[in-house]
>>> print(open('model-v6.txt').read())   # compact mmCIF, C-alpha atoms
# COMPACT_ATOMS: atom_id res chain seq x y z
CA MET A 609 29.82 -26.19 -22.74
CA LEU A 610 32.28 -25.50 -25.58
CA PHE A 611 29.77 -26.77 -28.14
CA GLU A 612 27.02 -24.53 -26.73
CA SER A 613 29.38 -21.54 -26.78
CA ILE A 614 30.24 -22.16 -30.45
CA ILE A 615 26.54 -22.36 -31.32
CA ILE A 616 25.91 -19.09 -29.44
CA VAL A 617 28.75 -17.33 -31.31
CA ILE A 618 27.42 -18.54 -34.67
CA GLY A 619 23.89 -17.55 -33.66
CA VAL A 620 24.94 -14.04 -32.61
CA LEU A 621 26.80 -13.57 -35.90
CA ALA A 622 23.77 -14.68 -37.92
CA ILE A 623 21.31 -12.56 -35.93
CA ALA A 624 23.47 -9.43 -36.18
CA PHE A 625 24.01 -9.96 -39.91
CA LEU A 626 20.34 -10.54 -40.71
CA PHE A 627 18.73 -8.03 -38.35
CA ALA A 628 21.05 -5.06 -38.93
CA PRO A 629 19.51 -4.15 -42.32
CA LEU A 630 16.03 -4.13 -40.73
CA GLY A 631 16.86 -1.60 -38.00
CA LEU A 632 16.58 -4.20 -35.24
CA GLY A 633 18.98 -4.90 -32.40
CA GLY A 634 18.32 -8.65 -32.29
CA GLY A 635 17.55 -8.86 -28.57
CA ILE A 636 14.27 -10.63 -29.30
CA LEU A 637 16.43 -13.59 -30.40
CA TYR A 638 19.55 -13.11 -28.25
CA VAL A 639 17.56 -13.86 -25.10
CA PRO A 640 16.12 -17.22 -26.30
CA LEU A 641 19.50 -18.12 -27.85
CA PHE A 642 21.26 -17.80 -24.48
CA HIS A 643 18.31 -19.20 -22.50
CA TYR A 644 17.51 -22.27 -24.60
CA VAL A 645 20.95 -23.08 -26.06
CA GLY A 646 23.27 -21.87 -23.30
CA GLY A 647 20.96 -22.61 -20.37
CA TRP A 648 21.24 -19.07 -18.95
CA GLU A 649 18.65 -17.95 -16.42
CA LEU A 650 16.19 -15.20 -17.34
CA ASP A 651 17.67 -12.65 -14.97
CA GLN A 652 19.34 -9.25 -15.06
CA LYS A 653 22.64 -10.77 -16.12
CA LEU A 654 21.02 -12.08 -19.30
CA ILE A 655 19.20 -8.75 -19.79
CA ILE A 656 22.53 -6.89 -19.67
CA VAL A 657 24.22 -9.27 -22.13
CA SER A 658 21.30 -9.13 -24.56
CA LEU A 659 21.16 -5.33 -24.33
CA LEU A 660 24.93 -5.11 -24.79
CA LEU A 661 24.76 -7.18 -27.97
CA SER A 662 21.75 -5.20 -29.20
CA ALA A 663 23.76 -2.01 -28.65
CA VAL A 664 26.68 -3.39 -30.65
CA THR A 665 24.30 -4.34 -33.47
CA SER A 666 22.84 -0.85 -33.47
CA TYR A 667 26.29 0.76 -33.60
CA GLY A 668 27.62 -1.56 -36.30
CA SER A 669 24.63 -0.97 -38.58
CA GLY A 670 23.65 2.52 -37.38
CA ILE A 671 27.02 4.00 -38.31
CA GLU A 672 26.69 2.62 -41.84
CA HIS A 673 23.18 4.07 -42.19
CA ARG A 674 24.41 7.44 -40.93
CA LYS A 675 27.25 7.43 -43.48
CA LYS A 676 24.64 7.13 -46.24
CA GLY A 677 22.37 9.80 -44.74
CA TYR A 678 19.61 7.36 -43.80
CA VAL A 679 18.75 9.21 -40.55
CA ASP A 680 16.61 12.13 -39.40
CA ASP A 681 18.35 13.76 -36.42
CA GLY A 682 15.43 16.06 -35.61
CA LEU A 683 13.01 13.15 -35.19
CA ILE A 684 15.65 11.10 -33.37
CA ARG A 685 16.03 13.85 -30.75
CA ARG A 686 12.25 14.06 -30.34
CA ALA A 687 11.95 10.27 -30.04
CA LEU A 688 14.56 10.20 -27.26
CA TYR A 689 12.26 12.35 -25.08
CA GLY A 690 10.06 9.27 -24.85
CA ALA A 691 12.54 6.41 -25.23
CA ILE A 692 15.00 7.31 -22.45
CA PRO A 693 12.37 7.81 -19.69
CA GLY A 694 10.64 4.66 -20.94
CA ALA A 695 13.85 2.68 -20.51
CA MET A 696 14.27 3.97 -16.94
CA ILE A 697 10.69 3.02 -16.08
CA GLY A 698 11.37 -0.43 -17.51
CA VAL A 699 14.32 -0.94 -15.16
CA LEU A 700 12.13 0.01 -12.17
CA PHE A 701 9.49 -2.44 -13.40
CA VAL A 702 12.04 -5.29 -13.43
CA MET A 703 13.13 -4.38 -9.88
CA MET A 704 9.55 -4.23 -8.57
CA THR A 705 8.38 -7.53 -10.09
CA GLY A 706 11.25 -9.45 -8.49
CA THR A 707 10.77 -13.22 -8.61
CA ASP A 708 7.69 -12.88 -10.83
CA PHE A 709 9.83 -11.37 -13.58
CA LYS A 710 10.40 -14.63 -15.52
CA SER A 711 6.69 -15.34 -15.95
CA ILE A 712 5.88 -11.72 -16.79
CA PHE A 713 8.76 -11.65 -19.29
CA LYS A 714 7.50 -14.72 -21.17
CA ILE A 715 3.87 -13.57 -21.20
CA LEU A 716 4.90 -10.12 -22.44
CA SER A 717 7.14 -11.72 -25.07
CA VAL A 718 4.29 -13.89 -26.39
CA VAL A 719 1.98 -10.86 -26.67
CA VAL A 720 4.50 -8.45 -28.20
CA VAL A 721 6.19 -10.92 -30.55
CA GLY A 722 2.79 -12.24 -31.64
CA PHE A 723 1.62 -8.71 -32.44
CA VAL A 724 4.79 -7.99 -34.45
CA ILE A 725 4.37 -11.22 -36.44
CA PHE A 726 0.73 -10.32 -37.15
CA LYS A 727 1.64 -6.84 -38.40
CA MET A 728 4.48 -8.12 -40.57
CA VAL A 729 2.37 -10.89 -42.09
CA ARG A 730 -0.24 -8.28 -43.00
CA LYS A 731 2.44 -6.19 -44.65
CA VAL A 732 3.80 -9.12 -46.66
CA PHE A 733 0.48 -10.51 -47.85
CA TYR A 734 -1.66 -7.40 -48.10
CA GLN A 735 1.07 -4.95 -49.19
CA GLN A 736 -0.24 -2.02 -47.19
CA SER A 737 0.48 1.40 -48.66
CA ASN A 738 3.83 2.93 -47.73
CA GLN A 739 3.01 6.42 -48.99
CA THR A 740 3.94 9.18 -46.58
CA VAL A 741 3.94 12.18 -48.89
CA GLY A 742 1.55 14.91 -47.79
CA ARG A 743 0.87 13.40 -44.38
CA LYS A 744 1.58 15.49 -41.32
CA ALA A 745 3.98 14.04 -38.75
CA GLN A 746 2.27 13.08 -35.47
CA LEU A 747 5.11 13.85 -33.08
CA GLY A 748 3.12 13.28 -29.89
CA LYS A 749 2.12 9.75 -30.90
CA MET A 750 5.64 9.06 -32.14
CA THR A 751 7.13 10.11 -28.78
CA LEU A 752 4.64 8.01 -26.81
CA LEU A 753 5.34 4.95 -28.96
CA THR A 754 9.11 5.34 -28.64
CA GLY A 755 8.57 5.66 -24.88
CA PHE A 756 6.89 2.25 -24.98
CA GLY A 757 9.83 0.99 -27.02
CA GLY A 758 12.25 2.20 -24.35
CA PHE A 759 10.20 0.40 -21.69
CA LEU A 760 10.26 -2.84 -23.68
CA SER A 761 14.00 -2.42 -24.24
CA SER A 762 14.66 -2.62 -20.49
CA VAL A 763 12.03 -5.26 -19.70
CA MET A 764 12.52 -7.61 -22.66
CA ALA A 765 16.26 -6.96 -23.16
CA ILE A 766 15.75 -5.88 -26.78
CA GLY A 767 16.80 -2.94 -28.91
CA ALA A 768 13.08 -2.26 -29.56
CA GLY A 769 13.62 -1.58 -33.24
CA MET A 770 10.36 -3.41 -33.90
CA ILE A 771 8.70 -0.47 -32.10
CA TYR A 772 10.97 2.38 -33.22
CA VAL A 773 10.85 1.57 -36.94
CA PRO A 774 7.04 1.73 -37.26
CA ALA A 775 6.98 4.77 -34.94
CA MET A 776 9.37 6.66 -37.21
CA LYS A 777 7.70 5.44 -40.38
CA PHE A 778 4.00 5.82 -39.62
CA PHE A 779 4.06 8.75 -37.18
CA GLY A 780 7.30 10.45 -38.25
CA ASN A 781 6.49 9.92 -41.94
CA LEU A 782 9.98 8.75 -42.90
CA GLU A 783 10.68 6.47 -45.83
CA ALA A 784 11.76 2.91 -45.02
CA ARG A 785 15.55 3.31 -45.05
CA LYS A 786 15.48 6.48 -42.93
CA SER A 787 13.08 4.82 -40.49
CA ILE A 788 15.52 1.92 -40.13
CA GLY A 789 18.58 4.17 -39.78
CA SER A 790 16.81 6.44 -37.30
CA SER A 791 15.68 3.42 -35.26
CA LEU A 792 19.26 2.19 -35.01
CA ASN A 793 20.49 5.62 -33.92
CA ILE A 794 17.80 5.80 -31.21
CA MET A 795 19.03 2.45 -29.90
CA MET A 796 22.62 3.73 -29.90
CA VAL A 797 21.58 6.23 -27.22
CA VAL A 798 18.84 4.40 -25.29
CA ILE A 799 20.38 0.97 -24.80
CA PRO A 800 23.49 2.22 -22.92
CA PHE A 801 21.16 3.97 -20.44
CA ALA A 802 19.31 0.69 -19.83
CA VAL A 803 22.56 -1.30 -19.57
CA VAL A 804 24.03 1.03 -16.94
CA ALA A 805 20.80 1.10 -14.94
CA HIS A 806 20.57 -2.72 -14.87
CA PHE A 807 24.29 -3.02 -14.11
CA LEU A 808 23.94 -0.85 -11.01
CA ILE A 809 21.35 -3.20 -9.50
CA LEU A 810 23.15 -6.49 -10.21
CA ASP A 811 23.74 -8.69 -7.18
CA ASN A 812 27.21 -10.04 -6.40
CA TYR A 813 26.47 -13.53 -7.74
CA GLN A 814 25.33 -12.22 -11.12
CA MET A 815 28.34 -9.89 -11.26
CA GLU A 816 30.68 -12.84 -10.69
CA ASN A 817 28.94 -14.78 -13.45
CA LEU A 818 29.47 -11.92 -15.89
CA VAL A 819 33.17 -11.78 -15.00
CA ASP A 820 33.45 -15.55 -15.52
CA GLU A 821 31.95 -15.16 -19.01
CA SER A 822 34.15 -12.17 -19.94
CA VAL A 823 36.16 -14.01 -22.63
CA LEU A 824 33.01 -15.30 -24.30
CA LEU A 825 31.43 -11.84 -24.11
CA LEU A 826 34.45 -10.23 -25.75
CA VAL A 827 34.27 -12.75 -28.61
CA LEU A 828 30.54 -12.14 -28.96
CA VAL A 829 30.95 -8.34 -29.06
CA LEU A 830 33.56 -8.56 -31.83
CA THR A 831 31.53 -11.14 -33.76
CA ASN A 832 28.38 -9.07 -33.39
CA PHE A 833 30.00 -5.86 -34.62
CA ILE A 834 31.44 -7.57 -37.69
CA GLY A 835 28.13 -9.28 -38.46
CA SER A 836 26.04 -6.11 -38.09
CA LYS A 837 28.47 -3.93 -40.07
CA PHE A 838 28.65 -6.30 -43.02
CA GLY A 839 24.95 -7.11 -42.73
CA ALA A 840 24.14 -3.43 -43.22
CA ILE A 841 26.58 -2.98 -46.11
CA ILE A 842 25.46 -6.09 -47.95
CA GLY A 843 21.81 -5.45 -47.11
CA PHE A 844 21.95 -2.08 -48.88
CA ASN A 845 22.87 -3.77 -52.15
CA MET A 846 21.74 -7.39 -52.17
CA PHE A 847 18.82 -8.16 -49.86
CA SER A 848 15.31 -6.97 -50.60
CA GLU A 849 13.22 -5.80 -47.67
CA ASP A 850 10.58 -8.38 -48.62
CA PHE A 851 13.09 -11.26 -48.31
CA LEU A 852 14.40 -10.07 -44.95
CA ILE A 853 10.91 -9.55 -43.55
CA LYS A 854 9.83 -13.08 -44.54
CA LEU A 855 12.96 -14.54 -42.93
CA PHE A 856 12.36 -12.40 -39.83
CA ILE A 857 8.77 -13.65 -39.58
CA GLY A 858 9.96 -17.26 -39.74
CA VAL A 859 12.57 -16.87 -37.00
CA LEU A 860 10.24 -14.83 -34.79
CA SER A 861 7.54 -17.49 -35.17
CA ILE A 862 9.91 -20.15 -33.81
CA THR A 863 10.80 -17.89 -30.88
CA TRP A 864 7.13 -17.16 -30.21
CA LEU A 865 6.33 -20.88 -30.13
CA ASN A 866 9.17 -21.53 -27.66
CA TYR A 867 7.84 -18.91 -25.24
CA LEU A 868 4.26 -20.16 -25.68
CA ILE A 869 5.26 -23.76 -24.97
CA ASP A 870 7.16 -22.63 -21.85
CA ILE A 871 4.07 -20.81 -20.55
CA LEU A 872 1.65 -23.69 -21.27
CA PHE A 873 3.83 -26.55 -20.08
>>> encode(input="model-v6.txt", output="structure tokens")
Amino acid sequence: MLFESIIIVIGVLAIAFLFAPLGLGGGILYVPLFHYVGGWELDQKLIIVSLLLSAVTSYGSGIEHRKKGYVDDGLIRRALYGAIPGAMIGVLFVMMTGTDFKSIFKILSVVVVGFVIFKMVRKVFYQQSNQTVGRKAQLGKMTLLTGFGGFLSSVMAIGAGMIYVPAMKFFGNLEARKSIGSSLNIMMVVIPFAVVAHFLILDNYQMENLVDESVLLLVLVLTNFIGSKFGAIIGFNMFSEDFLIKLFIGVLSITWLNYLIDILF
């Protein structure tokens, strides 16, 4: 168990460090890290832990982006009109699906992660235009998409940056860094709502398990914050977006295959 815990701590540090510059919370990898390495069940306890770590990532990196002015507060406020209700609906969805949640989670993960990989591969190999000058912001579509991101945040235990970043970029017409910073700042507000909602519906057994893992969770929170803070700072100066996206595609592809194998076999 000690070996698995060490691997989880190292994994959380690496995920926070690498994902923070991309405007992602890392939940898409925290869940499989705990599930496949630590043997944790896909339940609300794991959702809360993944969301908690995603929140810490968003704060560690989001604060650094805000310091440099890489945010748009007007669009963030508008996005929250969709993201917060979406997160609440996601919590209700988890409650209603009950024992079918694990299967639904993995199927949804395969579809969503597969779509994200497809879009990112297109961006890398076809270099789609990033020009936003002269385009009018489509606030209605942006709000609807961030609402979907909030829903996925609660259901898939992710920060949903993979939804918020393109929503802010393509419908809010922000340049890349501001899209990333704004995504992180959306997560800083939305994820705590989802965490509290899931926490309120935990059963006693899951609550006891969380208490038993309190020391590990404290270590993970501190490790995560350090990783995300330095990931953002170093990412500003050293890592190109192209490099990070290619690395992200590789890691996501491994995760996608794990979920697919679980569903098929």
>>> closest_residue(input="model-v6.txt", among="A:Gly677, A:Gly698, A:Gly647, A:Gly619", to="Met764 in chain A", atoms="all atoms listed in the file")
A:Gly698
>>> closest_residue(input="model-v6.txt", among="A:Gly769, A:Gly843, A:Gly635, A:Gly694", to="Leu661 in chain A", atoms="all atoms listed in the file")
A:Gly635
>>> atom_distance(input="model-v6.txt", atom1="CA of Gly633 in chain A", atom2="CA of Ile799 in chain A")
9.7 Å
>>> residues_around(input="model-v6.txt", residues="Leu688 in chain A", least_positions_apart="5", cutoff="10 Å", atoms="all atoms listed in the file", output="list in words")
Leu683, Pro693, Gly694, Thr751, Thr754, Gly755, Gly758, Ile794, Met795, Val797 and Val798 of chain A
>>> residues_around(input="model-v6.txt", residues="range 805-818 of chain A", least_positions_apart="6", cutoff="7 Å", atoms="all atoms listed in the file", output="PyMOL selection string")
chain A and resi 652-653+656+699
>>> closest_residue(input="model-v6.txt", among="A:Phe611, A:Phe713, A:Phe801, A:Phe756", to="Gly646 in chain A", atoms="only C-alpha atoms")
A:Phe611
>>> residues_around(input="model-v6.txt", residues="range 854-858 of chain A", least_positions_apart="6", cutoff="12 Å", atoms="all atoms listed in the file", output="number ranges by chain")
A: 622-623, 625-632, 634, 636-637, 721-733, 770, 847-848, 864-865
>>> atom_distance(input="model-v6.txt", atom1="CA of Phe642 in chain A", atom2="CA of Ile842 in chain A")
26.6 Å
>>> closest_residue(input="model-v6.txt", among="A:Arg785, A:Lys675, A:Arg685, A:Lys714", to="Pro640 in chain A", atoms="only C-alpha atoms")
A:Lys714
>>> residues_around(input="model-v6.txt", residues="Gly682 in chain A", least_positions_apart="5", cutoff="12 Å", atoms="all atoms listed in the file", output="PDB file with C-alpha atoms, in the coordinates of the input")
ATOM      1  CA  ALA A 687      11.950  10.270 -30.040  1.00  0.00           C
ATOM      2  CA  LEU A 688      14.560  10.200 -27.260  1.00  0.00           C
ATOM      3  CA  TYR A 689      12.260  12.350 -25.080  1.00  0.00           C
ATOM      4  CA  LEU A 747       5.110  13.850 -33.080  1.00  0.00           C
ATOM      5  CA  MET A 776       9.370   6.660 -37.210  1.00  0.00           C
ATOM      6  CA  GLY A 780       7.300  10.450 -38.250  1.00  0.00           C
ATOM      7  CA  LEU A 782       9.980   8.750 -42.900  1.00  0.00           C
ATOM      8  CA  SER A 790      16.810   6.440 -37.300  1.00  0.00           C
ATOM      9  CA  ASN A 793      20.490   5.620 -33.920  1.00  0.00           C
ATOM     10  CA  ILE A 794      17.800   5.800 -31.210  1.00  0.00           C
TER      11      ILE A 794
END
>>> atom_distance(input="model-v6.txt", atom1="CA of Ser787 in chain A", atom2="CA of Ile771 in chain A")
10.8 Å
>>> closest_residue(input="model-v6.txt", among="A:Glu672, A:Glu821, A:Asp651, A:Asp870", to="Met609 in chain A", atoms="all atoms listed in the file")
A:Glu821
>>> closest_residue(input="model-v6.txt", among="A:Asn866, A:Asn832, A:Ser761, A:Asn845", to="Met696 in chain A", atoms="all atoms listed in the file")
A:Ser761
>>> residues_around(input="model-v6.txt", residues="Val620 in chain A", least_positions_apart="3", cutoff="8 Å", atoms="only C-alpha atoms", output="list in words")
Ile616, Val617, Ile623, Ala624, Tyr638, Leu828, Thr831 and Asn832 of chain A
